[in-house]
Structure formats: C-alpha cells, structure tokens
>>> print(open('start09.cif').read())   # mmCIF, C-alpha atoms
data_query
loop_
_atom_site.label_atom_id
_atom_site.label_comp_id
_atom_site.auth_asym_id
_atom_site.auth_seq_id
_atom_site.Cartn_x
_atom_site.Cartn_y
_atom_site.Cartn_z
CA MET L 1 -39.94 -38.64 39.28
CA LYS L 2 -38.40 -35.76 37.34
CA LYS L 3 -37.07 -32.71 39.18
CA LEU L 4 -38.65 -29.39 38.23
CA PRO L 5 -36.12 -26.74 37.08
CA ASN L 6 -35.82 -24.01 39.69
CA GLU L 7 -36.93 -21.32 37.24
CA MET L 8 -40.27 -23.08 36.73
CA LEU L 9 -41.16 -23.38 40.41
CA GLU L 10 -42.67 -19.91 40.58
CA VAL L 11 -44.67 -20.55 37.39
CA ALA L 12 -45.99 -23.77 38.95
CA ARG L 13 -46.87 -22.12 42.22
CA LEU L 14 -48.60 -19.14 40.65
CA ALA L 15 -50.61 -21.35 38.30
CA ARG L 16 -51.55 -23.69 41.14
CA THR L 17 -52.99 -20.80 43.13
CA GLY L 18 -54.91 -19.43 40.16
CA GLN L 19 -52.65 -16.39 39.56
CA LEU L 20 -52.43 -17.01 35.83
CA THR L 21 -51.60 -13.46 34.78
CA GLU L 22 -48.63 -13.40 37.17
CA ALA L 23 -47.57 -16.88 36.03
CA THR L 24 -47.75 -15.73 32.42
CA THR L 25 -45.48 -12.76 33.18
CA VAL L 26 -42.87 -14.98 34.85
CA LEU L 27 -43.08 -17.53 32.02
CA GLN L 28 -42.56 -14.80 29.42
CA ARG L 29 -39.47 -13.57 31.26
CA LEU L 30 -38.15 -17.10 31.60
CA LEU L 31 -38.54 -17.69 27.85
CA GLY L 32 -36.77 -14.43 27.12
CA ARG L 33 -39.75 -12.63 25.59
CA GLN L 34 -39.26 -8.88 25.83
CA THR L 35 -42.20 -7.57 23.75
CA PRO L 36 -45.73 -7.18 25.13
CA LEU L 37 -48.30 -9.86 24.44
CA ALA L 38 -50.32 -9.39 21.28
CA PRO L 39 -54.12 -9.36 21.65
CA GLY L 40 -55.26 -12.87 22.38
CA ASP L 41 -51.80 -14.19 23.31
CA SER L 42 -52.51 -13.93 27.03
CA GLU L 43 -55.59 -16.10 26.66
CA LYS L 44 -53.59 -18.63 24.64
CA LEU L 45 -50.95 -18.85 27.36
CA HIS L 46 -53.63 -19.12 30.05
CA ASP L 47 -55.26 -21.96 28.12
CA ALA L 48 -51.89 -23.70 27.99
CA PHE L 49 -51.46 -23.88 31.76
CA PRO L 50 -53.47 -27.09 32.18
CA ARG L 51 -51.13 -28.74 29.65
CA ILE L 52 -48.12 -27.30 31.47
CA GLY L 53 -49.66 -28.77 34.61
CA ASP L 54 -49.81 -32.20 32.96
CA TRP L 55 -46.08 -31.98 32.29
CA LEU L 56 -45.41 -30.75 35.81
CA SER L 57 -47.48 -33.47 37.45
CA GLY L 58 -44.46 -35.70 37.89
CA ALA L 59 -42.16 -32.92 39.03
CA ARG L 60 -40.92 -32.61 42.58
CA PHE L 61 -42.88 -29.63 43.90
CA PRO L 62 -44.62 -30.13 47.26
CA GLY L 63 -48.30 -29.38 47.09
CA TRP L 64 -48.39 -28.93 43.29
CA GLN L 65 -51.43 -29.97 41.37
CA SER L 66 -52.44 -28.90 37.88
CA PRO L 67 -55.31 -26.40 37.66
CA GLY L 68 -58.63 -28.12 38.23
CA ALA L 69 -57.12 -31.30 39.62
CA SER L 70 -58.35 -32.77 42.89
CA PRO L 71 -55.91 -33.11 45.80
CA SER L 72 -54.06 -36.38 46.08
CA SER L 73 -51.97 -37.64 48.95
CA SER L 74 -49.28 -38.62 46.48
CA ASP L 75 -48.83 -34.94 45.60
CA GLN L 76 -48.05 -34.01 49.21
CA SER L 77 -44.64 -34.29 50.82
CA GLY L 78 -45.86 -32.91 54.14
CA PRO L 79 -48.98 -32.37 56.20
CA ASN L 80 -50.02 -29.33 54.14
CA ALA L 81 -49.65 -27.97 50.66
CA ALA L 82 -47.24 -25.07 50.31
CA ARG L 83 -49.13 -21.76 50.28
CA PHE L 84 -48.33 -18.25 49.06
CA LEU L 85 -50.88 -16.03 50.74
CA ASN L 86 -52.04 -12.50 49.85
CA ARG L 87 -52.45 -10.35 52.95
CA THR L 88 -52.64 -6.72 54.08
CA PHE L 89 -51.41 -5.01 57.24
CA SER L 90 -52.56 -1.64 58.57
CA ASN L 91 -51.49 0.61 61.42
CA HIS L 92 -51.29 4.34 62.25
CA SER L 93 -48.84 4.85 59.36
CA GLY L 94 -51.12 3.41 56.70
CA SER L 95 -51.34 -0.03 55.11
CA ARG L 96 -49.27 -2.26 52.85
CA PRO L 97 -50.01 -5.52 51.06
CA TYR L 98 -47.70 -8.44 51.63
CA LYS L 99 -47.33 -12.05 50.61
CA LEU L 100 -46.45 -14.88 52.96
CA TYR L 101 -44.92 -18.17 51.88
CA VAL L 102 -45.79 -21.09 54.15
CA PRO L 103 -43.82 -24.25 53.27
CA SER L 104 -45.48 -27.64 53.03
CA LEU L 105 -43.61 -29.08 56.03
CA TYR L 106 -44.74 -26.33 58.40
CA SER L 107 -47.11 -27.87 60.95
CA GLY L 108 -46.97 -25.46 63.86
CA GLN L 109 -43.36 -26.02 64.94
CA PRO L 110 -41.19 -22.95 65.67
CA VAL L 111 -39.50 -21.86 62.42
CA PRO L 112 -37.39 -18.90 61.22
CA LEU L 113 -39.00 -15.96 59.43
CA ILE L 114 -37.26 -14.13 56.58
CA VAL L 115 -38.63 -10.72 55.53
CA MET L 116 -37.75 -9.88 51.91
CA LEU L 117 -37.94 -6.29 50.61
CA HIS L 118 -38.11 -5.85 46.85
CA GLY L 119 -36.44 -3.11 44.81
CA CYS L 120 -37.98 -0.31 42.75
CA THR L 121 -40.52 -1.37 40.07
CA GLN L 122 -40.58 -4.90 41.51
CA SER L 123 -43.37 -6.80 43.25
CA PRO L 124 -43.42 -9.57 45.86
CA ASP L 125 -44.07 -12.19 43.15
CA ASP L 126 -41.27 -10.89 40.95
CA PHE L 127 -38.83 -10.76 43.86
CA ALA L 128 -39.74 -14.26 44.99
CA ALA L 129 -39.17 -15.58 41.47
CA GLY L 130 -35.83 -13.84 41.03
CA THR L 131 -34.32 -14.74 44.40
CA ARG L 132 -35.82 -18.27 44.58
CA MET L 133 -36.23 -17.66 48.30
CA ASN L 134 -39.41 -19.75 48.38
CA VAL L 135 -37.55 -22.70 46.87
CA ALA L 136 -34.99 -22.47 49.67
CA ALA L 137 -37.79 -22.06 52.24
CA GLU L 138 -39.39 -25.26 51.00
CA ASP L 139 -36.09 -27.11 51.42
CA GLN L 140 -35.28 -25.74 54.88
CA THR L 141 -38.79 -25.08 56.27
CA TYR L 142 -39.09 -21.44 57.18
CA LEU L 143 -41.61 -18.69 56.51
CA VAL L 144 -40.93 -15.90 54.02
CA ALA L 145 -42.76 -12.56 54.04
CA TYR L 146 -42.68 -10.13 51.11
CA PRO L 147 -44.01 -6.67 52.01
CA GLY L 148 -45.14 -4.80 48.92
CA GLN L 149 -44.65 -1.12 48.24
CA THR L 150 -47.54 0.72 46.57
CA ASN L 151 -47.61 3.23 43.72
CA ALA L 152 -49.46 5.60 46.03
CA ALA L 153 -46.52 5.62 48.46
CA ASN L 154 -43.89 5.86 45.72
CA GLY L 155 -44.52 6.15 41.98
CA GLN L 156 -41.74 3.63 41.19
CA LYS L 157 -42.71 1.35 44.09
CA CYS L 158 -39.42 2.14 45.83
CA TRP L 159 -39.24 1.94 49.59
CA ASN L 160 -38.70 5.52 50.80
CA TRP L 161 -35.36 4.85 52.52
CA PHE L 162 -34.06 8.30 51.51
CA LYS L 163 -36.59 10.28 53.58
CA SER L 164 -35.50 11.18 57.10
CA ALA L 165 -39.07 10.55 58.30
CA GLU L 166 -38.75 6.93 57.11
CA GLN L 167 -35.61 6.23 59.14
CA ARG L 168 -37.15 6.15 62.62
CA ARG L 169 -38.68 3.52 64.83
CA ASP L 170 -42.45 3.19 65.22
CA VAL L 171 -43.35 5.54 62.37
CA GLY L 172 -43.72 5.28 58.61
CA GLU L 173 -42.55 2.32 56.58
CA PRO L 174 -40.27 0.90 59.30
CA SER L 175 -43.32 0.58 61.56
CA LEU L 176 -45.34 -1.07 58.78
CA ILE L 177 -42.66 -3.67 58.03
CA ALA L 178 -42.11 -4.34 61.73
CA GLY L 179 -45.90 -4.57 62.12
CA ILE L 180 -46.14 -7.15 59.32
CA THR L 181 -43.39 -9.12 61.04
CA ARG L 182 -45.17 -9.06 64.41
CA GLU L 183 -48.52 -9.97 62.86
CA ILE L 184 -46.95 -13.12 61.38
CA MET L 185 -45.32 -13.87 64.75
CA HIS L 186 -48.76 -13.64 66.37
CA GLU L 187 -50.44 -15.97 63.88
CA TYR L 188 -47.67 -18.52 63.26
CA ALA L 189 -45.09 -20.31 65.39
CA VAL L 190 -42.12 -18.09 64.60
CA ASP L 191 -38.87 -18.58 66.51
CA PRO L 192 -38.36 -15.06 67.96
CA ARG L 193 -34.58 -15.49 67.91
CA ARG L 194 -34.50 -16.24 64.18
CA ILE L 195 -36.20 -13.33 62.42
CA TYR L 196 -34.24 -11.68 59.61
CA VAL L 197 -34.68 -9.04 56.93
CA ALA L 198 -32.99 -8.69 53.54
CA GLY L 199 -33.58 -6.57 50.46
CA LEU L 200 -32.37 -5.45 47.07
CA SER L 201 -31.54 -1.86 46.11
CA ALA L 202 -34.20 0.35 47.78
CA GLY L 203 -35.26 -2.77 49.67
CA GLY L 204 -31.66 -3.28 50.80
CA ALA L 205 -31.53 0.30 52.03
CA ALA L 206 -34.80 -0.27 53.89
CA ALA L 207 -33.31 -3.41 55.46
CA ALA L 208 -30.38 -1.31 56.68
CA VAL L 209 -32.85 1.12 58.25
CA LEU L 210 -34.62 -1.76 60.02
CA GLY L 211 -31.33 -3.04 61.37
CA GLN L 212 -30.74 0.33 63.02
CA THR L 213 -34.30 0.94 64.21
CA TYR L 214 -35.35 -2.57 65.27
CA PRO L 215 -32.21 -4.37 66.52
CA ASP L 216 -34.39 -6.11 69.10
CA LEU L 217 -36.61 -7.66 66.41
CA PHE L 218 -34.26 -8.61 63.56
CA ALA L 219 -31.40 -10.93 64.44
CA ALA L 220 -29.39 -10.07 61.29
CA ILE L 221 -29.82 -8.15 58.05
CA GLY L 222 -28.87 -8.63 54.39
CA VAL L 223 -28.26 -5.63 52.14
CA HIS L 224 -27.92 -6.40 48.42
CA SER L 225 -26.93 -3.43 46.23
CA GLY L 226 -28.30 -1.04 48.87
CA LEU L 227 -27.25 1.88 51.03
CA ALA L 228 -26.55 2.56 54.70
CA CYS L 229 -29.18 3.88 57.07
CA GLY L 230 -29.13 7.68 56.98
CA ALA L 231 -27.33 7.83 53.63
CA ALA L 232 -29.81 10.51 52.56
CA ARG L 233 -32.44 12.82 54.03
CA ASP L 234 -34.51 13.57 50.91
CA MET L 235 -34.81 12.60 47.23
CA GLN L 236 -32.00 14.84 45.99
CA SER L 237 -29.49 13.62 48.55
CA GLY L 238 -30.71 10.10 47.82
CA PHE L 239 -29.72 10.42 44.15
CA THR L 240 -26.35 11.85 45.19
CA ALA L 241 -25.74 8.94 47.56
CA MET L 242 -26.69 6.42 44.88
CA GLN L 243 -24.27 7.96 42.38
CA HIS L 244 -21.30 8.71 44.61
CA GLY L 245 -21.79 6.82 47.88
CA SER L 246 -22.64 8.09 51.34
CA PRO L 247 -21.34 7.05 54.76
CA GLY L 248 -24.79 7.04 56.33
CA ALA L 249 -25.69 8.11 59.84
CA LYS L 250 -22.96 7.93 62.46
CA VAL L 251 -23.51 5.89 65.58
CA GLN L 252 -23.97 8.41 68.35
CA PRO L 253 -21.48 8.10 71.22
CA GLY L 254 -22.91 6.87 74.48
CA ILE L 255 -25.92 5.12 72.94
CA GLN L 256 -25.99 1.44 73.81
CA ARG L 257 -27.45 -0.39 70.83
CA ARG L 258 -27.12 -4.01 69.84
CA ARG L 259 -24.85 -4.56 66.84
CA VAL L 260 -26.85 -6.36 64.16
CA PRO L 261 -24.81 -8.88 62.14
CA THR L 262 -24.80 -7.74 58.52
CA ILE L 263 -24.15 -9.41 55.17
CA VAL L 264 -23.68 -7.29 52.06
CA PHE L 265 -23.65 -8.22 48.36
CA HIS L 266 -22.75 -5.64 45.73
CA GLY L 267 -21.51 -5.74 42.14
CA ASP L 268 -18.45 -3.60 41.46
CA ARG L 269 -19.91 -2.57 38.08
CA ASP L 270 -23.17 -1.34 39.58
CA SER L 271 -24.04 1.85 37.71
CA MET L 272 -27.28 2.46 39.62
CA VAL L 273 -26.06 2.29 43.23
CA ASN L 274 -22.35 2.96 43.67
CA SER L 275 -20.60 0.04 45.35
CA ARG L 276 -19.09 2.46 47.88
CA ASN L 277 -22.48 2.26 49.55
CA GLY L 278 -21.85 -1.39 50.34
CA ASP L 279 -18.64 -0.30 52.07
CA ALA L 280 -20.68 2.22 54.06
CA VAL L 281 -23.15 -0.45 55.23
CA ILE L 282 -20.23 -2.54 56.48
CA ALA L 283 -18.62 0.47 58.18
CA GLN L 284 -21.90 1.29 59.91
CA ALA L 285 -22.17 -2.27 61.25
CA ALA L 286 -18.59 -2.17 62.53
CA ALA L 287 -18.46 1.40 63.86
CA GLY L 288 -16.31 1.71 66.98
CA LEU L 289 -15.24 -1.92 67.09
CA ALA L 290 -11.73 -3.34 66.88
CA LEU L 291 -11.99 -5.96 64.15
CA THR L 292 -9.87 -8.29 62.08
CA THR L 293 -10.70 -9.15 58.47
CA ARG L 294 -10.39 -12.48 56.69
CA THR L 295 -10.52 -12.38 52.90
CA ARG L 296 -10.94 -15.09 50.30
CA SER L 297 -11.52 -15.03 46.55
CA GLY L 298 -13.51 -17.34 44.33
CA GLN L 299 -14.91 -17.88 40.86
CA VAL L 300 -18.33 -19.10 39.76
CA PRO L 301 -17.75 -21.67 36.98
CA GLY L 302 -18.56 -19.84 33.77
CA GLY L 303 -19.52 -16.73 35.74
CA HIS L 304 -18.19 -13.91 37.89
CA SER L 305 -15.25 -13.89 40.25
CA TYR L 306 -15.83 -12.52 43.72
CA SER L 307 -14.15 -11.46 46.95
CA GLN L 308 -15.54 -12.27 50.39
CA HIS L 309 -14.44 -10.20 53.39
CA VAL L 310 -15.40 -11.43 56.87
CA GLN L 311 -14.99 -9.04 59.80
CA MET L 312 -14.61 -10.53 63.27
CA THR L 313 -14.04 -9.35 66.80
CA MET L 314 -10.92 -10.32 68.69
CA THR L 315 -12.91 -13.17 70.26
CA GLY L 316 -13.81 -14.58 66.83
CA GLU L 317 -17.41 -13.35 66.65
CA THR L 318 -18.45 -12.48 63.09
CA VAL L 319 -19.81 -8.94 62.74
CA SER L 320 -20.20 -8.71 58.98
CA GLU L 321 -19.60 -10.33 55.62
CA GLN L 322 -19.08 -8.37 52.43
CA TRP L 323 -19.32 -10.06 49.03
CA ILE L 324 -17.98 -8.01 46.12
CA VAL L 325 -19.05 -9.55 42.82
CA HIS L 326 -16.55 -8.54 40.14
CA GLY L 327 -18.07 -7.49 36.84
CA ALA L 328 -21.64 -7.59 38.15
CA GLY L 329 -24.13 -4.76 37.85
CA HIS L 330 -27.29 -3.87 39.74
CA ALA L 331 -28.79 -7.33 40.15
CA TRP L 332 -29.41 -10.12 42.66
CA SER L 333 -26.32 -12.31 42.49
CA GLY L 334 -26.99 -15.90 41.45
CA GLY L 335 -30.66 -15.13 40.89
CA SER L 336 -33.08 -16.66 38.44
CA PRO L 337 -33.94 -15.09 35.06
CA ALA L 338 -37.57 -15.70 36.03
CA GLY L 339 -37.33 -12.46 38.02
CA SER L 340 -36.13 -8.95 37.19
CA PHE L 341 -32.77 -7.49 38.25
CA THR L 342 -30.99 -10.84 38.55
CA ASP L 343 -27.56 -12.08 37.48
CA PRO L 344 -27.38 -15.90 37.29
CA LYS L 345 -23.60 -15.73 36.79
CA GLY L 346 -22.85 -14.49 40.30
CA PRO L 347 -22.38 -16.44 43.55
CA ASP L 348 -25.68 -17.54 45.07
CA ALA L 349 -26.69 -14.62 47.29
CA THR L 350 -29.82 -16.39 48.51
CA ARG L 351 -27.87 -19.38 49.78
CA GLU L 352 -25.13 -17.30 51.39
CA ILE L 353 -27.50 -14.84 53.03
CA LEU L 354 -29.52 -17.71 54.52
CA ARG L 355 -26.37 -19.41 55.74
CA PHE L 356 -25.23 -16.17 57.41
CA PHE L 357 -28.67 -15.56 58.92
CA LEU L 358 -29.01 -18.99 60.47
CA GLU L 359 -25.52 -18.65 61.96
CA HIS L 360 -26.69 -15.54 63.83
CA PRO L 361 -29.74 -16.00 66.06
CA LEU L 362 -30.78 -13.15 68.32
CA PRO L 363 -28.76 -13.32 71.56
CA VAL L 364 -30.62 -14.56 74.61
#
>>> encode(input="start09.cif", output="structure tokens")
Amino acid sequence: MKKLPNEMLEVARLARTGQLTEATTVLQRLLGRQTPLAPGDSEKLHDAFPRIGDWLSGARFPGWQSPGASPSSSDQSGPNAARFLNRTFSNHSGSRPYKLYVPSLYSGQPVPLIVMLHGCTQSPDDFAAGTRMNVAAEDQTYLVAYPGQTNAANGQKCWNWFKSAEQRRDVGEPSLIAGITREIMHEYAVDPRRIYVAGLSAGGAAAAVLGQTYPDLFAAIGVHSGLACGAARDMQSGFTAMQHGSPGAKVQPGIQRRRVPTIVFHGDRDSMVNSRNGDAVIAQAAAGLALTTRTRSGQVPGGHSYSQHVQMTMTGETVSEQWIVHGAGHAWSGGSPAGSFTDPKGPDATREILRFFLEHPLPV
C-alpha cells in the first residue's frame, strides 16, 4: 500500500466530501499554478478527480474513497470515516461558520480539542491544508475546529484583534470562538483539561486574546507570527504595532489569573508583523514571574536555522517556549505549500505546538 504525500491529503479529503472547487484550489497551489483558471479548465480538473481517486485508492488515508465509490471495510482504519464538517455557531455577538475535523478513530472516547484560527485572507480549508493539522489529528486522534472569519466582519477576513471591544470576555469574537469551543464540548467527548487554541498572524493575535480572556477554558495557547493581547486599541494602532512591535496590555497588580502556557513561533525576517511582537507575547505570559531560560539552536536540513528559548519557573515548570526561525518571513513554519502563508523550510510548527500543548493539560 503506497503512502499518500502529505500535501495531497487535503486534496483527497476535499474531493471525497464533494468540495471539488476547494480541492481544485489546493491542487493548483500544490502544482505551483499562480494564474487563474481559463474558462473550462475548472471543469477539466473536476472531471479529473475520479481518475485522481483511482490513483489514491491504494494510498493510506483513513476513510478515503474516490468520488462515486461505495464504502468498503477495507478503506476504513477505524470505526468511522474521517469527517470535515461545515457548521455555524450563533450567539448574542453574531454568528460565524466553522469547520470541525473528526478523525476516523474517534468513537466517543475523551479526546483533546485544538482550535485553529486562520490569518487574514485565509479560510478554514486553506489553513488546514497549510498547517496539516488534520493529518496530525488523524495520527493522534483529536478533534480540530477551524472558526472562519467573514468578509462582513472584516473585509480581509482578519480577526479583529486590534479593537479594544474584541479583547474582552463574553463579548464579540472572543465569545464566538469560546462558544464554538463549548458547542463542540457539548456534542462530542472532549477532554476538558486538553482544550487548546493556536493561530497565525491575526489568528495568532486572537489566540493571545483568548489566553487572557478564557484561561479557564484553554489549557495553553500557540501564537504564530502574532501579537500580544492589548497590543492595539484600533486599526491605526494595530498597524503601528505590526510594524514596530507593541508590549500589549500589562497584567494588572492584584488580579489573580491563571498563567496560560504559551508557545510562540516567529520568523526574524517577518516584514508584515515585526518579530518584537513575539517577544511581547512571551513577556506577557511571564509577567511578574522569576524565570530561568534554557536556549538551544538547530538547523532544518536544507532549510532554516532556529533558536528555541524555554522559560521555566524555579521549580522547573515550563511557562513558555519561543521559536525564532532565522531567515523566515510571515509564514507557518514547516507548513505545506498546499496552503497559503507557509514556509516548508522551517522547523515543524504543527508538531512542536502539539507537543507543547499535550505537555500542558489544564490544572485540576
């Protein structure tokens, strides 16, 4: 049985669920096509999916079947086929679409939940393809939710992290993302101690906001190329923070709030979000604590070098990890070219973020 290349897994999944337009987009990006489809090309690619399915039929992808094929027990590696569901959540702050990946080996047992927040101009499908988070979820059996920003809420589909009204608990986008998380907890067997949130760029900044506003819900956060909570109060200050860095909101003295373990990835050649913002996220996580730092350096074969800084308390408890990817720009480190804003030459952010998350369950 041949193993399916990671970059084709999203194409296979999208085609299997009938999302041929989305699969076509990912396939174009994978093949390096930058120009729009000519009239009729889309139909030609759509017609080719059954033949792609024939080639994929021997690949190792749980629950895969070519379009139009009937289910077969030999295609299943677990009790269910893997599913990528389209859903919508609504509350007093509005509504947002989201996608939920349910791995094939999920059968009602308690599992972790990872909430993934895309960057500007991205979509849940694009972000899933670029990070390969669903591939990892299939290997390790956990749920992945991808809230989607709408053009109505932001013309570039950015999460509105820079607005002061979107940095508070139980209102606005934080309440919608927390609501999506709780809806999944209600409908699936989610381990309440292993719920995490990560994001890229605007999604990373939104993850930082959630770490400050919902420390009782999210056990740990991942901020990739993002900014600290409170780094801006409006659009103008948001642009300033992106260009020059901002320390974010200070932890107010006397307020007892759980410290949320934090992992940060940032390229030191990021021209869109200054890497000083990654420093600010780490400083916010460590504010007021006496910490020691352990540093190591590494090199991806044929790719970028990196530095990893681990901050720990005097008792050895890890508070944060900061990965600085040398020579990298504004992109998900180690990501797949099947998605936008990815850099395959960096260390694998998906793997390292998951490793950090699972090392940090919510305290009892």
>>> closest_atom_pairs(input="start09.cif", of="stretch 246-302 of chain L", to="stretch 214-237 of chain L", cutoff="9 Å", atoms="only C-alpha atoms", output="JSON lines")
{"residue": "L:Ser246", "atom": "CA", "partner": "L:Ala231", "partner_atom": "CA", "distance": 5.2}
{"residue": "L:Pro247", "atom": "CA", "partner": "L:Ala231", "partner_atom": "CA", "distance": 6.1}
{"residue": "L:Gly248", "atom": "CA", "partner": "L:Ala231", "partner_atom": "CA", "distance": 3.8}
{"residue": "L:Ala249", "atom": "CA", "partner": "L:Gly230", "partner_atom": "CA", "distance": 4.5}
{"residue": "L:Lys250", "atom": "CA", "partner": "L:Gly230", "partner_atom": "CA", "distance": 8.3}
{"residue": "L:Arg257", "atom": "CA", "partner": "L:Pro215", "partner_atom": "CA", "distance": 7.6}
{"residue": "L:Arg258", "atom": "CA", "partner": "L:Pro215", "partner_atom": "CA", "distance": 6.1}
{"residue": "L:Arg259", "atom": "CA", "partner": "L:Pro215", "partner_atom": "CA", "distance": 7.4}
{"residue": "L:Val260", "atom": "CA", "partner": "L:Ala220", "partner_atom": "CA", "distance": 5.3}
{"residue": "L:Pro261", "atom": "CA", "partner": "L:Ala220", "partner_atom": "CA", "distance": 4.8}
{"residue": "L:Thr262", "atom": "CA", "partner": "L:Ile221", "partner_atom": "CA", "distance": 5.1}
{"residue": "L:Ile263", "atom": "CA", "partner": "L:Gly222", "partner_atom": "CA", "distance": 4.8}
{"residue": "L:Val264", "atom": "CA", "partner": "L:Val223", "partner_atom": "CA", "distance": 4.9}
{"residue": "L:Phe265", "atom": "CA", "partner": "L:His224", "partner_atom": "CA", "distance": 4.6}
{"residue": "L:His266", "atom": "CA", "partner": "L:Ser225", "partner_atom": "CA", "distance": 4.8}
{"residue": "L:Gly267", "atom": "CA", "partner": "L:Ser225", "partner_atom": "CA", "distance": 7.2}
{"residue": "L:Asp270", "atom": "CA", "partner": "L:Ser225", "partner_atom": "CA", "distance": 7.9}
{"residue": "L:Met272", "atom": "CA", "partner": "L:Ser225", "partner_atom": "CA", "distance": 8.9}
{"residue": "L:Val273", "atom": "CA", "partner": "L:Ser225", "partner_atom": "CA", "distance": 6.5}
{"residue": "L:Asn274", "atom": "CA", "partner": "L:Ser225", "partner_atom": "CA", "distance": 8.3}
{"residue": "L:Ser275", "atom": "CA", "partner": "L:Ser225", "partner_atom": "CA", "distance": 7.3}
{"residue": "L:Arg276", "atom": "CA", "partner": "L:Leu227", "partner_atom": "CA", "distance": 8.8}
{"residue": "L:Asn277", "atom": "CA", "partner": "L:Leu227", "partner_atom": "CA", "distance": 5.0}
{"residue": "L:Gly278", "atom": "CA", "partner": "L:Leu227", "partner_atom": "CA", "distance": 6.4}
{"residue": "L:Asp279", "atom": "CA", "partner": "L:Ala228", "partner_atom": "CA", "distance": 8.8}
{"residue": "L:Ala280", "atom": "CA", "partner": "L:Ala228", "partner_atom": "CA", "distance": 5.9}
{"residue": "L:Val281", "atom": "CA", "partner": "L:Ala228", "partner_atom": "CA", "distance": 4.6}
{"residue": "L:Ile282", "atom": "CA", "partner": "L:Ala228", "partner_atom": "CA", "distance": 8.3}
{"residue": "L:Ala283", "atom": "CA", "partner": "L:Ala228", "partner_atom": "CA", "distance": 8.9}
{"residue": "L:Gln284", "atom": "CA", "partner": "L:Ala228", "partner_atom": "CA", "distance": 7.1}
>>> atom_distance(input="start09.cif", atom1="atom CA of L:Glu173", atom2="atom CA of L:Asp348")
28.5 Å
>>> closest_residue(input="start09.cif", among="L:Pro347, L:Pro147, L:Pro192, L:Pro363", to="L:Val111", atoms="all atoms listed in the file")
L:Pro192
>>> closest_residue(input="start09.cif", among="L:Val300, L:Leu362, L:Leu143, L:Ile353", to="L:Ala198", atoms="all atoms listed in the file")
L:Ile353
>>> resolve_selection(input="start09.cif", expression="the PyMOL selection byres ((chain L and resi 344) around 7)", output="list of chain:residue names")
L:Ser333, L:Gly334, L:Gly335, L:Ser336, L:Pro337, L:Thr342, L:Asp343, L:Lys345, L:Gly346
>>> write_last_selection(input="start09.cif", atoms="C-alpha atoms", output="mmCIF file, in the frame of the given file")
data_model
loop_
_atom_site.group_PDB
_atom_site.id
_atom_site.type_symbol
_atom_site.label_atom_id
_atom_site.label_comp_id
_atom_site.auth_asym_id
_atom_site.auth_seq_id
_atom_site.Cartn_x
_atom_site.Cartn_y
_atom_site.Cartn_z
ATOM 1 C CA SER L 333 -26.320 -12.310 42.490
ATOM 2 C CA GLY L 334 -26.990 -15.900 41.450
ATOM 3 C CA GLY L 335 -30.660 -15.130 40.890
ATOM 4 C CA SER L 336 -33.080 -16.660 38.440
ATOM 5 C CA PRO L 337 -33.940 -15.090 35.060
ATOM 6 C CA THR L 342 -30.990 -10.840 38.550
ATOM 7 C CA ASP L 343 -27.560 -12.080 37.480
ATOM 8 C CA LYS L 345 -23.600 -15.730 36.790
ATOM 9 C CA GLY L 346 -22.850 -14.490 40.300
#
>>> atom_distance(input="start09.cif", atom1="atom CA of L:Thr181", atom2="atom CA of L:Val319")
23.6 Å
>>> resolve_selection(input="start09.cif", expression="the PyMOL selection byres ((chain L and resi 125-138) around 6)", output="count of residues only")
13
>>> closest_residue(input="start09.cif", among="L:Thr240, L:Asn91, L:Gln122, L:Ser107", to="L:Phe162", atoms="all atoms listed in the file")
L:Thr240
>>> atom_distance(input="start09.cif", atom1="atom CA of L:Thr315", atom2="atom CA of L:Arg193")
21.9 Å
>>> resolve_selection(input="start09.cif", expression="the PyMOL selection byres ((chain L and resi 313) around 10)", output="MDAnalysis selection string")
chainID L and resid 286 289:293 311:312 314:320
>>> closest_residue(input="start09.cif", among="L:Asn154, L:Ser90, L:Tyr188, L:Ala331", to="L:Val102", atoms="all atoms listed in the file")
L:Tyr188
>>> residues_near_point(input="start09.cif", point="(-13.2, -14.7, 42.7)", cutoff="10 Å", atoms="only C-alpha atoms", output="PyMOL selection string")
chain L and resi 296-300+303-308+323-326+346-347
>>> write_last_selection(input="start09.cif", atoms="C-alpha atoms", output="PDB file, in the frame of the given file")
ATOM      1  CA  ARG L 296     -10.940 -15.090  50.300  1.00  0.00           C
ATOM      2  CA  SER L 297     -11.520 -15.030  46.550  1.00  0.00           C
ATOM      3  CA  GLY L 298     -13.510 -17.340  44.330  1.00  0.00           C
ATOM      4  CA  GLN L 299     -14.910 -17.880  40.860  1.00  0.00           C
ATOM      5  CA  VAL L 300     -18.330 -19.100  39.760  1.00  0.00           C
ATOM      6  CA  GLY L 303     -19.520 -16.730  35.740  1.00  0.00           C
ATOM      7  CA  HIS L 304     -18.190 -13.910  37.890  1.00  0.00           C
ATOM      8  CA  SER L 305     -15.250 -13.890  40.250  1.00  0.00           C
ATOM      9  CA  TYR L 306     -15.830 -12.520  43.720  1.00  0.00           C
ATOM     10  CA  SER L 307     -14.150 -11.460  46.950  1.00  0.00           C
ATOM     11  CA  GLN L 308     -15.540 -12.270  50.390  1.00  0.00           C
ATOM     12  CA  TRP L 323     -19.320 -10.060  49.030  1.00  0.00           C
ATOM     13  CA  ILE L 324     -17.980  -8.010  46.120  1.00  0.00           C
ATOM     14  CA  VAL L 325     -19.050  -9.550  42.820  1.00  0.00           C
ATOM     15  CA  HIS L 326     -16.550  -8.540  40.140  1.00  0.00           C
ATOM     16  CA  GLY L 346     -22.850 -14.490  40.300  1.00  0.00           C
ATOM     17  CA  PRO L 347     -22.380 -16.440  43.550  1.00  0.00           C
TER      18      PRO L 347
END
>>> closest_residue(input="start09.cif", among="L:Gly199, L:Gln109, L:Trp161, L:Gly288", to="L:Ala241", atoms="all atoms listed in the file")
L:Trp161
>>> residues_around(input="start09.cif", residues="L:Ser175", least_positions_apart="5", cutoff="10 Å", atoms="all atoms listed in the file", output="number ranges by chain")
L: 90-94, 166-170, 180-181, 210, 213-214
>>> residues_around(input="start09.cif", residues="L:Phe89", least_positions_apart="3", cutoff="9 Å", atoms="all atoms listed in the file", output="number ranges by chain")
L: 94-98, 176-177, 179-180, 183
>>> residues_around(input="start09.cif", residues="L:Ala145", least_positions_apart="3", cutoff="8 Å", atoms="all atoms listed in the file", output="ChimeraX atom specification")
/L:98-101,113-116,181
>>> closest_residue(input="start09.cif", among="L:Phe341, L:Trp332, L:Phe239, L:Tyr196", to="L:Arg355", atoms="all atoms listed in the file")
L:Tyr196
